[in-house]
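For reference, entry-v9.cif is printed below; it contains mmCIF, C-alpha atoms.
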data_protein
#
loop_
_atom_site.label_atom_id
_atom_site.label_comp_id
_atom_site.auth_asym_id
_atom_site.auth_seq_id
_atom_site.Cartn_x
_atom_site.Cartn_y
_atom_site.Cartn_z
CA MET A 22 32.28 -13.64 24.50
CA ASP A 23 28.88 -13.74 22.80
CA THR A 24 26.57 -10.99 24.08
CA LYS A 25 23.85 -13.64 24.32
CA GLU A 26 25.63 -15.09 27.33
CA THR A 27 25.52 -11.81 29.23
CA ALA A 28 22.80 -9.48 27.98
CA GLY A 29 20.46 -12.32 27.07
CA SER A 30 19.87 -13.18 30.72
CA LYS A 31 17.74 -10.07 31.27
CA PRO A 32 15.00 -8.34 29.24
CA ILE A 33 16.20 -5.90 26.58
CA SER A 34 15.66 -2.26 27.57
CA GLY A 35 12.78 -0.38 25.98
CA TRP A 36 15.14 2.34 24.74
CA ILE A 37 17.44 -0.08 22.92
CA LEU A 38 14.45 -1.94 21.47
CA PHE A 39 12.97 1.31 20.14
CA LEU A 40 16.32 2.35 18.69
CA LEU A 41 16.76 -0.97 16.88
CA ALA A 42 13.20 -0.85 15.51
CA ALA A 43 13.61 2.74 14.29
CA ALA A 44 17.03 1.96 12.80
CA CYS A 45 15.70 -1.02 10.86
CA GLY A 46 12.84 1.08 9.50
CA LEU A 47 15.08 3.95 8.39
CA ILE A 48 17.62 1.62 6.80
CA VAL A 49 15.28 -0.70 4.90
CA ALA A 50 13.24 2.25 3.58
CA ASN A 51 16.20 3.02 1.31
CA LEU A 52 15.28 -0.03 -0.77
CA TYR A 53 11.86 1.34 -1.62
CA TYR A 54 12.20 5.11 -2.11
CA SER A 55 13.02 4.78 -5.80
CA GLN A 56 9.98 2.64 -6.62
CA THR A 57 7.67 5.65 -6.81
CA LEU A 58 10.38 7.91 -8.29
CA VAL A 59 11.35 5.86 -11.35
CA GLY A 60 9.78 8.37 -13.75
CA PRO A 61 11.55 11.55 -12.60
CA ILE A 62 14.84 9.74 -11.96
CA SER A 63 14.81 8.26 -15.47
CA ALA A 64 14.12 11.69 -16.98
CA ALA A 65 16.92 13.32 -14.98
CA THR A 66 19.55 10.67 -15.70
CA GLY A 67 18.65 9.92 -19.31
CA LEU A 68 17.41 6.37 -18.79
CA THR A 69 14.96 5.07 -21.38
CA SER A 70 11.59 3.70 -20.29
CA GLY A 71 12.79 0.21 -21.13
CA ALA A 72 15.87 0.54 -18.93
CA SER A 73 14.17 2.38 -16.06
CA GLY A 74 13.44 -0.90 -14.31
CA LEU A 75 17.17 -1.22 -13.61
CA ILE A 76 16.80 1.43 -10.89
CA VAL A 77 14.80 -0.96 -8.70
CA THR A 78 16.38 -4.18 -9.96
CA LEU A 79 19.98 -3.16 -9.18
CA THR A 80 18.97 -2.04 -5.69
CA GLN A 81 17.44 -5.48 -5.15
CA ILE A 82 20.50 -7.23 -6.57
CA GLY A 83 22.75 -5.29 -4.19
CA TYR A 84 20.52 -6.27 -1.28
CA VAL A 85 20.51 -9.98 -2.14
CA LEU A 86 24.31 -9.94 -2.55
CA GLY A 87 24.57 -8.34 0.87
CA LEU A 88 22.29 -10.95 2.40
CA LEU A 89 24.44 -13.75 1.06
CA PHE A 90 27.94 -12.32 1.50
CA ILE A 91 27.75 -9.61 4.21
CA VAL A 92 25.10 -10.70 6.71
CA PRO A 93 26.94 -14.03 7.39
CA LEU A 94 29.90 -11.94 8.62
CA SER A 95 27.86 -11.16 11.74
CA ASP A 96 28.63 -14.73 12.86
CA ILE A 97 32.39 -14.09 12.95
CA MET A 98 32.89 -10.28 13.25
CA GLU A 99 32.09 -7.80 15.99
CA ASN A 100 28.55 -6.73 15.12
CA ARG A 101 28.62 -3.05 16.08
CA ARG A 102 31.66 -2.34 13.91
CA LEU A 103 30.17 -4.33 11.01
CA VAL A 104 26.96 -2.29 11.25
CA ALA A 105 28.83 1.03 11.26
CA THR A 106 31.02 0.03 8.31
CA PHE A 107 28.15 -0.75 5.97
CA LEU A 108 26.05 2.16 7.15
CA ILE A 109 28.93 4.35 5.97
CA VAL A 110 28.70 2.58 2.59
CA ALA A 111 24.97 3.35 2.50
CA PHE A 112 25.61 6.99 3.42
CA PHE A 113 28.05 7.59 0.55
CA ALA A 114 25.79 5.74 -1.88
CA LEU A 115 22.77 7.84 -0.90
CA ALA A 116 24.79 11.05 -1.10
CA THR A 117 26.01 10.05 -4.57
CA ALA A 118 22.46 9.28 -5.71
CA SER A 119 21.29 12.71 -4.56
CA PHE A 120 23.52 14.55 -7.04
CA ALA A 121 23.95 11.93 -9.80
CA THR A 122 23.10 13.27 -13.27
CA SER A 123 24.18 10.27 -15.34
CA ALA A 124 22.57 6.86 -15.49
CA PRO A 125 25.74 4.79 -14.81
CA LEU A 126 26.55 6.79 -11.66
CA PHE A 127 23.00 6.57 -10.31
CA LEU A 128 22.72 2.86 -11.06
CA ALA A 129 26.04 2.15 -9.34
CA ALA A 130 24.82 4.12 -6.32
CA SER A 131 21.56 2.14 -6.37
CA MET A 132 23.40 -1.17 -6.09
CA LEU A 133 25.50 0.13 -3.20
CA ILE A 134 22.36 1.45 -1.47
CA GLY A 135 20.98 -2.09 -1.57
CA LEU A 136 24.28 -3.53 -0.37
CA GLY A 137 24.54 -1.15 2.59
CA SER A 138 20.89 -1.61 3.56
CA VAL A 139 21.50 -5.23 4.61
CA VAL A 140 22.55 -3.76 7.97
CA ALA A 141 18.88 -4.05 8.91
CA GLN A 142 19.22 -7.83 8.67
CA ILE A 143 22.23 -7.75 10.98
CA LEU A 144 20.35 -5.72 13.59
CA VAL A 145 17.30 -8.02 13.79
CA PRO A 146 19.19 -11.16 14.92
CA TYR A 147 21.47 -8.91 17.00
CA ALA A 148 18.37 -7.88 18.98
CA THR A 149 17.69 -11.51 19.89
CA TYR A 150 21.16 -11.78 21.44
CA LEU A 151 20.15 -9.03 23.84
CA ALA A 152 16.85 -10.70 24.81
CA SER A 153 16.08 -13.66 27.02
CA GLY A 154 14.68 -16.73 25.27
CA SER A 155 11.17 -16.24 26.66
CA HIS A 156 11.03 -12.72 25.17
CA GLN A 157 12.59 -13.35 21.77
CA GLY A 158 9.27 -13.49 19.93
CA ARG A 159 8.22 -10.14 21.40
CA VAL A 160 11.59 -8.59 20.59
CA VAL A 161 11.60 -9.86 17.00
CA GLY A 162 8.01 -8.68 16.58
CA ASN A 163 8.74 -5.17 17.83
CA VAL A 164 11.93 -4.75 15.80
CA MET A 165 10.27 -6.17 12.70
CA SER A 166 7.31 -3.82 13.14
CA GLY A 167 9.79 -0.95 12.81
CA LEU A 168 11.33 -2.55 9.72
CA LEU A 169 7.92 -3.13 8.14
CA LEU A 170 6.81 0.43 8.88
CA GLY A 171 9.93 1.55 7.04
CA ILE A 172 8.92 -0.55 4.03
CA MET A 173 5.35 0.71 4.06
CA PHE A 174 6.13 4.38 4.71
CA ALA A 175 8.98 4.58 2.18
CA ARG A 176 6.82 4.90 -0.94
CA PRO A 177 4.39 7.57 0.32
CA VAL A 178 7.14 9.53 2.06
CA ALA A 179 9.24 9.57 -1.13
CA SER A 180 6.23 10.77 -3.12
CA PHE A 181 5.42 13.53 -0.64
CA ILE A 182 9.02 14.78 -0.44
CA ALA A 183 9.47 14.68 -4.22
CA GLY A 184 6.23 16.62 -4.59
CA LEU A 185 7.37 19.32 -2.17
CA TRP A 186 10.94 19.60 -3.48
CA LYS A 187 12.66 17.29 -5.99
CA TRP A 188 13.46 13.60 -6.01
CA GLN A 189 17.08 14.36 -5.09
CA ALA A 190 15.87 15.61 -1.70
CA VAL A 191 14.68 12.11 -0.79
CA PHE A 192 18.19 10.67 -1.05
CA ALA A 193 19.86 13.71 0.52
CA LEU A 194 17.60 13.60 3.58
CA SER A 195 18.07 9.85 3.91
CA ALA A 196 21.86 10.26 3.73
CA ALA A 197 21.70 12.75 6.60
CA ALA A 198 19.50 10.41 8.65
CA ILE A 199 21.85 7.45 8.05
CA ALA A 200 24.88 9.55 9.10
CA LEU A 201 23.24 10.43 12.42
CA LEU A 202 22.05 6.85 12.90
CA THR A 203 25.57 5.49 12.36
CA ILE A 204 26.97 7.67 15.12
CA LEU A 205 24.12 6.87 17.50
CA LEU A 206 24.25 3.09 17.02
CA TYR A 207 28.03 2.95 17.39
CA ARG A 208 27.89 4.91 20.65
CA VAL A 209 24.85 3.23 22.21
CA LEU A 210 24.82 -0.44 21.21
CA PRO A 211 26.82 -2.91 23.29
CA GLU A 212 29.52 -4.92 21.58
CA ARG A 213 28.86 -8.42 20.42
CA LYS A 214 31.99 -10.40 19.67
CA PRO A 215 31.18 -13.87 18.36
CA GLU A 216 33.90 -16.46 18.67
CA PRO A 217 34.85 -17.15 15.04
CA ALA A 218 34.97 -20.90 14.49
CA LEU A 219 35.04 -20.60 10.70
CA SER A 220 37.02 -18.61 8.15
CA TYR A 221 35.08 -16.35 5.77
CA GLY A 222 35.50 -18.78 2.87
CA THR A 223 34.28 -21.69 4.94
CA LEU A 224 31.47 -19.50 6.25
CA ILE A 225 30.16 -18.78 2.74
CA VAL A 226 30.52 -22.42 1.68
CA SER A 227 28.58 -23.43 4.79
CA LEU A 228 25.51 -21.59 3.48
CA GLY A 229 24.84 -24.49 1.14
CA SER A 230 25.19 -27.00 3.96
CA LEU A 231 22.91 -24.99 6.23
CA TRP A 232 20.27 -24.82 3.52
CA LYS A 233 20.53 -28.56 2.82
CA GLN A 234 20.58 -29.66 6.47
CA THR A 235 17.76 -27.42 7.73
CA PRO A 236 14.38 -28.36 6.24
CA ILE A 237 12.45 -25.97 8.48
CA LEU A 238 14.57 -23.09 7.14
CA ARG A 239 13.64 -24.07 3.59
CA ARG A 240 9.96 -24.29 4.48
CA ARG A 241 9.78 -20.96 6.30
CA ALA A 242 11.67 -19.28 3.46
CA VAL A 243 9.25 -20.70 0.87
CA TYR A 244 6.19 -19.70 2.94
CA GLN A 245 7.41 -16.13 3.21
CA ALA A 246 8.59 -15.99 -0.42
CA CYS A 247 5.04 -16.82 -1.52
CA LEU A 248 3.43 -14.20 0.71
CA PHE A 249 6.02 -11.52 -0.02
CA GLY A 250 5.69 -12.30 -3.73
CA VAL A 251 1.96 -11.51 -3.50
CA PHE A 252 2.76 -8.38 -1.46
CA SER A 253 5.15 -7.16 -4.17
CA LEU A 254 2.72 -8.09 -6.93
CA PHE A 255 -0.06 -6.09 -5.26
CA TRP A 256 2.01 -3.00 -4.50
CA THR A 257 3.60 -2.99 -7.95
CA VAL A 258 0.23 -3.02 -9.71
CA VAL A 259 -2.08 -1.08 -7.39
CA PRO A 260 -0.52 2.35 -8.14
CA LEU A 261 -1.12 1.72 -11.85
CA TYR A 262 -4.69 0.60 -11.17
CA LEU A 263 -5.43 3.58 -8.95
CA ALA A 264 -4.15 5.94 -11.63
CA ASP A 265 -5.97 4.17 -14.49
CA GLU A 266 -9.29 3.42 -12.81
CA PHE A 267 -9.61 6.11 -10.13
CA GLY A 268 -7.58 8.84 -11.81
CA MET A 269 -5.38 9.30 -8.74
CA THR A 270 -2.33 11.54 -8.82
CA GLN A 271 1.00 10.67 -7.19
CA GLN A 272 -0.17 12.37 -4.00
CA GLY A 273 -3.42 10.38 -3.96
CA ILE A 274 -1.52 7.13 -4.41
CA ALA A 275 0.75 8.15 -1.55
CA TRP A 276 -2.26 8.59 0.74
CA PHE A 277 -3.56 5.15 -0.30
CA ALA A 278 -0.17 3.60 0.50
CA LEU A 279 -0.43 5.02 4.01
CA ALA A 280 -3.55 2.92 4.57
CA GLY A 281 -1.49 -0.24 4.30
CA VAL A 282 0.70 0.87 7.20
CA GLY A 283 -2.02 -0.33 9.56
CA GLY A 284 -1.06 -3.88 8.67
CA ALA A 285 2.23 -3.54 10.55
CA ILE A 286 0.33 -3.94 13.81
CA ALA A 287 0.31 -7.69 13.15
CA ALA A 288 4.08 -8.00 13.67
CA PRO A 289 4.30 -7.41 17.45
CA ILE A 290 1.04 -9.31 18.02
CA ALA A 291 2.35 -12.32 16.10
CA GLY A 292 5.59 -12.20 18.08
CA ARG A 293 3.79 -12.31 21.41
CA LEU A 294 1.46 -15.11 20.33
CA ALA A 295 4.40 -17.09 18.95
CA ASP A 296 5.99 -16.95 22.41
CA LYS A 297 2.83 -18.70 23.65
CA GLY A 298 3.10 -21.53 21.11
CA TRP A 299 0.72 -20.30 18.39
CA THR A 300 3.24 -20.38 15.54
CA ARG A 301 1.68 -23.22 13.53
CA PHE A 302 -1.89 -21.92 13.76
CA LEU A 303 -0.88 -18.36 12.88
CA THR A 304 1.17 -19.51 9.88
CA GLY A 305 -1.86 -21.16 8.28
CA LEU A 306 -4.01 -18.17 9.22
CA ALA A 307 -1.59 -15.76 7.52
CA MET A 308 -1.88 -17.69 4.25
CA ILE A 309 -5.68 -17.72 4.46
CA VAL A 310 -5.78 -13.97 5.20
CA ALA A 311 -3.46 -13.26 2.25
CA ALA A 312 -5.69 -15.25 -0.12
CA SER A 313 -8.79 -13.55 1.32
CA SER A 314 -7.30 -10.08 0.82
CA CYS A 315 -6.66 -10.81 -2.85
CA THR A 316 -10.21 -12.18 -3.12
CA LEU A 317 -11.47 -8.79 -1.94
CA ALA A 318 -9.21 -7.13 -4.52
CA TYR A 319 -10.64 -9.43 -7.21
CA LEU A 320 -14.16 -8.21 -6.34
CA VAL A 321 -13.18 -4.59 -7.03
CA HIS A 322 -14.79 -3.31 -10.22
CA GLY A 323 -15.33 0.24 -11.37
CA HIS A 324 -14.29 3.34 -9.46
CA SER A 325 -16.97 3.69 -6.81
CA ALA A 326 -16.31 4.63 -3.19
CA ALA A 327 -17.24 1.07 -2.16
CA SER A 328 -14.60 -0.33 -4.52
CA LEU A 329 -11.95 1.95 -3.02
CA VAL A 330 -12.92 0.85 0.50
CA LEU A 331 -12.56 -2.81 -0.54
CA LEU A 332 -9.15 -2.04 -2.00
CA VAL A 333 -8.00 -0.32 1.20
CA LEU A 334 -9.23 -3.27 3.29
CA ALA A 335 -7.41 -5.69 0.96
CA ALA A 336 -4.18 -3.70 1.37
CA ILE A 337 -4.40 -3.73 5.18
CA LEU A 338 -5.20 -7.46 5.39
CA LEU A 339 -2.41 -8.38 2.98
CA ASP A 340 0.13 -6.32 4.91
CA MET A 341 -1.03 -7.94 8.16
CA ALA A 342 -0.58 -11.44 6.72
CA VAL A 343 2.90 -10.72 5.34
CA SER A 344 4.23 -8.88 8.40
CA GLY A 345 2.82 -11.43 10.85
CA ASN A 346 4.18 -14.43 8.96
CA LEU A 347 7.59 -12.78 8.64
CA VAL A 348 7.92 -12.52 12.42
CA LEU A 349 6.78 -16.13 12.85
CA GLY A 350 9.35 -17.32 10.33
CA GLN A 351 12.21 -15.37 11.84
CA ARG A 352 11.42 -16.58 15.33
CA VAL A 353 11.58 -20.21 14.16
CA VAL A 354 14.77 -19.63 12.16
CA TYR A 355 16.54 -17.86 15.05
CA SER A 356 15.72 -20.75 17.39
CA LEU A 357 17.79 -23.15 15.27
CA SER A 358 21.24 -21.92 16.27
CA ASN A 359 22.94 -19.14 18.23
CA GLU A 360 26.24 -19.18 16.35
CA ALA A 361 24.71 -19.34 12.86
CA LYS A 362 21.96 -16.74 13.23
CA GLY A 363 23.53 -14.40 10.70
CA ARG A 364 23.81 -17.08 8.03
CA LEU A 365 20.35 -18.49 8.72
CA ASN A 366 18.82 -15.03 8.55
CA GLY A 367 20.74 -14.20 5.37
CA LEU A 368 19.47 -17.33 3.63
CA PHE A 369 15.91 -16.82 4.86
CA MET A 370 15.78 -13.19 3.77
CA ALA A 371 17.52 -13.78 0.43
CA VAL A 372 15.04 -16.46 -0.60
CA PHE A 373 11.92 -14.54 0.30
CA PHE A 374 13.32 -11.32 -1.16
CA ILE A 375 13.83 -13.19 -4.44
CA GLY A 376 10.17 -14.16 -4.14
CA GLY A 377 9.34 -10.47 -3.87
CA ALA A 378 11.35 -9.66 -6.99
CA VAL A 379 9.52 -12.40 -8.90
CA GLY A 380 6.21 -11.03 -7.64
CA SER A 381 7.03 -7.53 -8.89
CA SER A 382 7.93 -8.82 -12.36
CA LEU A 383 4.86 -11.07 -12.43
CA GLY A 384 2.64 -8.13 -11.45
CA SER A 385 3.82 -5.97 -14.34
CA TRP A 386 3.31 -8.85 -16.78
CA SER A 387 -0.12 -9.91 -15.47
CA TYR A 388 -1.54 -6.37 -15.38
CA THR A 389 -0.45 -5.79 -18.98
CA ARG A 390 -1.83 -9.11 -20.17
CA GLY A 391 -5.02 -9.52 -18.16
CA GLY A 392 -5.64 -6.39 -16.13
CA TRP A 393 -6.58 -6.10 -12.47
CA SER A 394 -8.73 -9.26 -12.31
CA PHE A 395 -5.96 -11.49 -13.69
CA THR A 396 -3.43 -10.01 -11.28
CA SER A 397 -5.78 -10.48 -8.31
CA LEU A 398 -6.41 -14.09 -9.34
CA ILE A 399 -2.68 -14.81 -9.22
CA GLY A 400 -2.65 -13.20 -5.79
CA ILE A 401 -5.31 -15.66 -4.64
CA ILE A 402 -3.65 -18.75 -6.08
CA VAL A 403 -0.11 -18.26 -4.72
CA PRO A 404 -0.96 -18.21 -0.96
CA LEU A 405 -3.34 -21.14 -1.48
CA LEU A 406 -0.47 -23.13 -3.01
CA ALA A 407 1.64 -22.16 0.01
CA LEU A 408 -1.19 -23.35 2.28
CA ILE A 409 -1.28 -26.73 0.54
CA TYR A 410 2.49 -27.02 1.03
CA PHE A 411 2.05 -26.00 4.67
CA PHE A 412 -0.43 -28.84 5.23
CA THR A 413 2.31 -31.33 4.32
CA GLU A 414 4.42 -30.14 7.24
CA ASN A 415 5.09 -32.67 9.96
CA ARG A 416 4.27 -31.10 13.31
CA ALA A 417 6.69 -33.36 15.18
CA GLY A 418 9.40 -32.36 12.73
CA ILE A 419 8.86 -28.70 13.60
CA LYS A 420 9.33 -29.39 17.27
CA ARG A 421 12.50 -31.36 16.67
CA ALA A 422 13.85 -28.65 14.37
CA SER A 423 13.19 -25.92 16.89
CA ALA A 424 14.93 -27.83 19.64
CA ALA A 425 17.78 -29.12 17.52
CA PRO A 426 21.39 -28.64 18.57
CA PRO A 427 23.35 -25.92 16.79
CA VAL A 428 23.31 -26.76 13.10
CA GLU A 429 26.82 -25.45 12.60
CA SER A 430 28.36 -28.16 14.76
CA SER A 431 28.45 -30.57 11.83
CA LEU A 432 30.03 -27.92 9.61
CA ARG A 433 33.20 -27.86 11.70
CA GLU A 434 33.89 -31.52 11.16
#
Rewrite the structure of this file - the entire thing - as structure tokens.
Amino acid sequence: MDTKETAGSKPISGWILFLLAAACGLIVANLYYSQTLVGPISAATGLTSGASGLIVTLTQIGYVLGLLFIVPLSDIMENRRLVATFLIVAFFALATASFATSAPLFLAASMLIGLGSVVAQILVPYATYLASGSHQGRVVGNVMSGLLLGIMFARPVASFIAGLWKWQAVFALSAAAIALLTILLYRVLPERKPEPALSYGTLIVSLGSLWKQTPILRRRAVYQACLFGVFSLFWTVVPLYLADEFGMTQQGIAWFALAGVGGAIAAPIAGRLADKGWTRFLTGLAMIVAASSCTLAYLVHGHSAASLVLLVLAAILLDMAVSGNLVLGQRVVYSLSNEAKGRLNGLFMAVFFIGGAVGSSLGSWSYTRGGWSFTSLIGIIVPLLALIYFFTENRAGIKRASAAPPVESSLRE
């Protein structure tokens, strides 16, 4: 029986909610540790500067593959066992990365780290099965705030740990944390056994049908891909700008990255307001805030204290826009179907994560070609284009989509 039918009738306990939020943060942080450690990892494993980008790219590829081929399994397999299985994969991958001395071994471990980290995207929809419908926005917001804190803390924490010890310690400590988390989640979380109506092959094929038949899924994925693309563009380039213009060391950049953590406060707030029917208004506001944050970044010139304050404010506002809109999107997507939540979430996350990868690549290119101003200008334009697309949305269509019968019913025919 689906846990939704039993646990969903009462509010989720505060302890379980905290555990799920902390778990998502610890797991997803594994995707971002290496971003500030590319230099020392490349030196230790013999990667050339031209090939060093593979460290991040392969982690992202592993994650996207997991979103498309592992997360959908949560619709047909017992969720707690699925979570434990791929956390074990993540543990061995992290342990391997901590002692890898050759590039092929480290790169293979990087891909498996990304693959195992998709567990976070199994736990988020799992949390909604444990919550009543009237509290789902709050639950998603709180769990996603933990996930987003993991994203935002990962870079500075990796820099601090590598500065105190060596980069290998980052992966070793994470492996230990994941091992403990695996045991705790398996012992504490209730089972959720979906009733499998589809085989795995049919399940994967159905992803195309879900994408085609669900216009609101496509829209929310595109909205978030645009905002997350700007987020990735900003955080790819700002460390380079801080080093070039302000002369910051790795430790100084880590402290700056901590400033952006304040933006995670938008996630639980957005979840609560979405429960009150503010989803449409907040979606447009998130796009405006994202464009405004990049406008502030565009105004930064020189290396004065005022310029640094503007840059910090831009980072906080951008993180608020991205984290808030992510919760809004997931709440809408989860309302479409109970039995297809895993597949819907996998598609949603895969598309916007691809947007993030494009943003990172675009940031490196734009900073090399046109510097900080050119990069900031791109950051202004992208959310404005998303806002124009948002204005074409039919409000009545949103309501019908949110109240639609389970989208997977047509897939069984």
Just want the 9 Å neighbourhood of Phe174 of chain A, counted on all atoms listed in the file, with same-chain residues fewer than 5 positions away dropped. Output as a list in words. Gly46, Ala50, Leu169, Ala179, Ala278, Leu279, Gly281 and Val282 of chain A
Selection file, C-alpha atoms, as a short mmCIF file (atom, residue, chain, number, x, y, z; two decimals), in the frame of the given file:
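Output file out_22.cif follows:
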data_model
loop_
_atom_site.label_atom_id
_atom_site.label_comp_id
_atom_site.auth_asym_id
_atom_site.auth_seq_id
_atom_site.Cartn_x
_atom_site.Cartn_y
_atom_site.Cartn_z
CA GLY A 46 12.84 1.08 9.50
CA ALA A 50 13.24 2.25 3.58
CA LEU A 169 7.92 -3.13 8.14
CA ALA A 179 9.24 9.57 -1.13
CA ALA A 278 -0.17 3.60 0.50
CA LEU A 279 -0.43 5.02 4.01
CA GLY A 281 -1.49 -0.24 4.30
CA VAL A 282 0.70 0.87 7.20
#
Pick from A:Ser394, A:Ser385, A:Thr66, A:Ser195, whichever lies nearest to Ser138 of chain A using only C-alpha atoms: A:Ser195
Need the shell around segment 297-310 of chain A: protein/DNA/RNA residues with any atom at most 6 Å away, counting all atoms listed in the file. Skip same-chain ones fewer than 2 positions apart. Format as a PyMOL selection string? chain A and resi 294-295+312-313+342+346+404
Starting from the shown file, work through the PyMOL selection byres ((chain A and resi 79-81) around 12) and note down what comes out as an NGL selection string. :A and (49-56 or 72-78 or 82-88 or 111 or 114-115 or 118 or 125 or 127-139 or 370-371 or 373-379 or 381)
Which neighbours of Phe113 of chain A fall inside 8 Å, counting all atoms listed in the file, when residues of the same chain fewer than 4 positions from it are skipped, and could you give them as a PyMOL selection string? chain A and resi 109+117+196
Using all atoms listed in the file, what table do you get, as CSV, when you list each residue of segment 376-422 of chain A with an atom no more than 9 Å from segment 233-255 of chain A, its nearest pair of atoms, and their distance in Å rounded to one decimal, rows by chain then rising number?
residue,atom,partner,partner_atom,distance
A:Gly376,CA,A:Ala246,CA,4.4
A:Gly377,CA,A:Gly250,CA,4.1
A:Ala378,CA,A:Gly250,CA,7.0
A:Val379,CA,A:Gly250,CA,6.4
A:Gly380,CA,A:Gly250,CA,4.1
A:Ser381,CA,A:Leu254,CA,4.8
A:Ser382,CA,A:Leu254,CA,7.6
A:Leu383,CA,A:Leu254,CA,6.6
A:Gly384,CA,A:Leu254,CA,4.5
A:Ser385,CA,A:Leu254,CA,7.8
A:Thr396,CA,A:Leu254,CA,7.8
A:Ser397,CA,A:Phe255,CA,7.8
A:Ile399,CA,A:Val251,CA,8.1
A:Gly400,CA,A:Val251,CA,5.4
A:Ile401,CA,A:Val251,CA,8.4
A:Val403,CA,A:Cys247,CA,6.2
A:Pro404,CA,A:Leu248,CA,6.2
A:Leu406,CA,A:Cys247,CA,8.5
A:Ala407,CA,A:Tyr244,CA,5.9
A:Leu408,CA,A:Tyr244,CA,8.3
A:Tyr410,CA,A:Tyr244,CA,8.4
A:Phe411,CA,A:Tyr244,CA,7.7
A:Glu414,CA,A:Arg240,CA,8.5
A:Gly418,CA,A:Ile237,CA,8.3
A:Ile419,CA,A:Ile237,CA,6.8
A:Ala422,CA,A:Ile237,CA,6.6
Have a look at A:Leu210, A:Ile337, A:Leu168, A:Leu202 and name the one nearest to Glu99 of chain A; count all atoms listed in the file.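 Going through A:Leu210, A:Ile337, A:Leu168, A:Leu202 one by one, the smallest distance to Glu99 of chain A is for A:Leu210.
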Would you work out the distance separating atom CA of Asn100 of chain A from atom CA of Arg213 of chain A, expressed in Å to one decimal?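 For atom CA of Asn100 of chain A relative to atom CA of Arg213 of chain A, the distance reads 5.6 Å.
The gap separating atom CA of Ile274 of chain A from atom CA of Pro177 of chain A is 7.6 Å, in Å to one decimal.
Between atom CA of Leu108 of chain A and atom CA of Lys362 of chain A the interatomic distance comes to 20.3 Å.
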Assuming the chain letters and numbering stay as they are in my file, what does the PyMOL selection byres ((chain A and resi 180) around 8) actually select? List them as a list in words.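 This file, filtered by the PyMOL selection byres ((chain A and resi 180) around 8), leaves Thr57, Leu58, Arg176, Pro177, Val178, Ala179, Phe181, Ile182, Ala183, Gly184, Gln271, Gln272 and Ala275 of chain A.
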If you apply the PyMOL selection byres ((chain A and resi 336) around 9) to this file, what residues do you get, as a list of chain:residue names?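 Applied to this file, the PyMOL selection byres ((chain A and resi 336) around 9) selects A:Phe252, A:Phe255, A:Trp256, A:Ala278, A:Ala280, A:Gly281, A:Val282, A:Gly284, A:Ser314, A:Cys315, A:Ala318, A:Leu331, A:Leu332, A:Val333, A:Leu334, A:Ala335, A:Ile337, A:Leu338, A:Leu339, A:Asp340, A:Met341.
Across A:Gly323, A:Gly162, A:Gly392, A:Pro61, the tightest approach to Leu41 of chain A is made by A:Gly162 when counting all atoms listed in the file.
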Considering only C-alpha atoms, can you say which of A:Ala43, A:Trp393, A:Glu216, A:Ile286 comes closest to Leu320 of chain A?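 Smallest separation from Leu320 of chain A among the options: A:Trp393.
Distance check against Phe112 of chain A using only C-alpha atoms: of A:Phe412, A:Phe192, A:Trp232, A:Tyr207, the minimum falls on A:Phe192.
Closest approach to Phe369 of chain A from the set A:Val191, A:Ala197, A:Leu231, A:Leu329 is made by A:Leu231, with distances taken over only C-alpha atoms.
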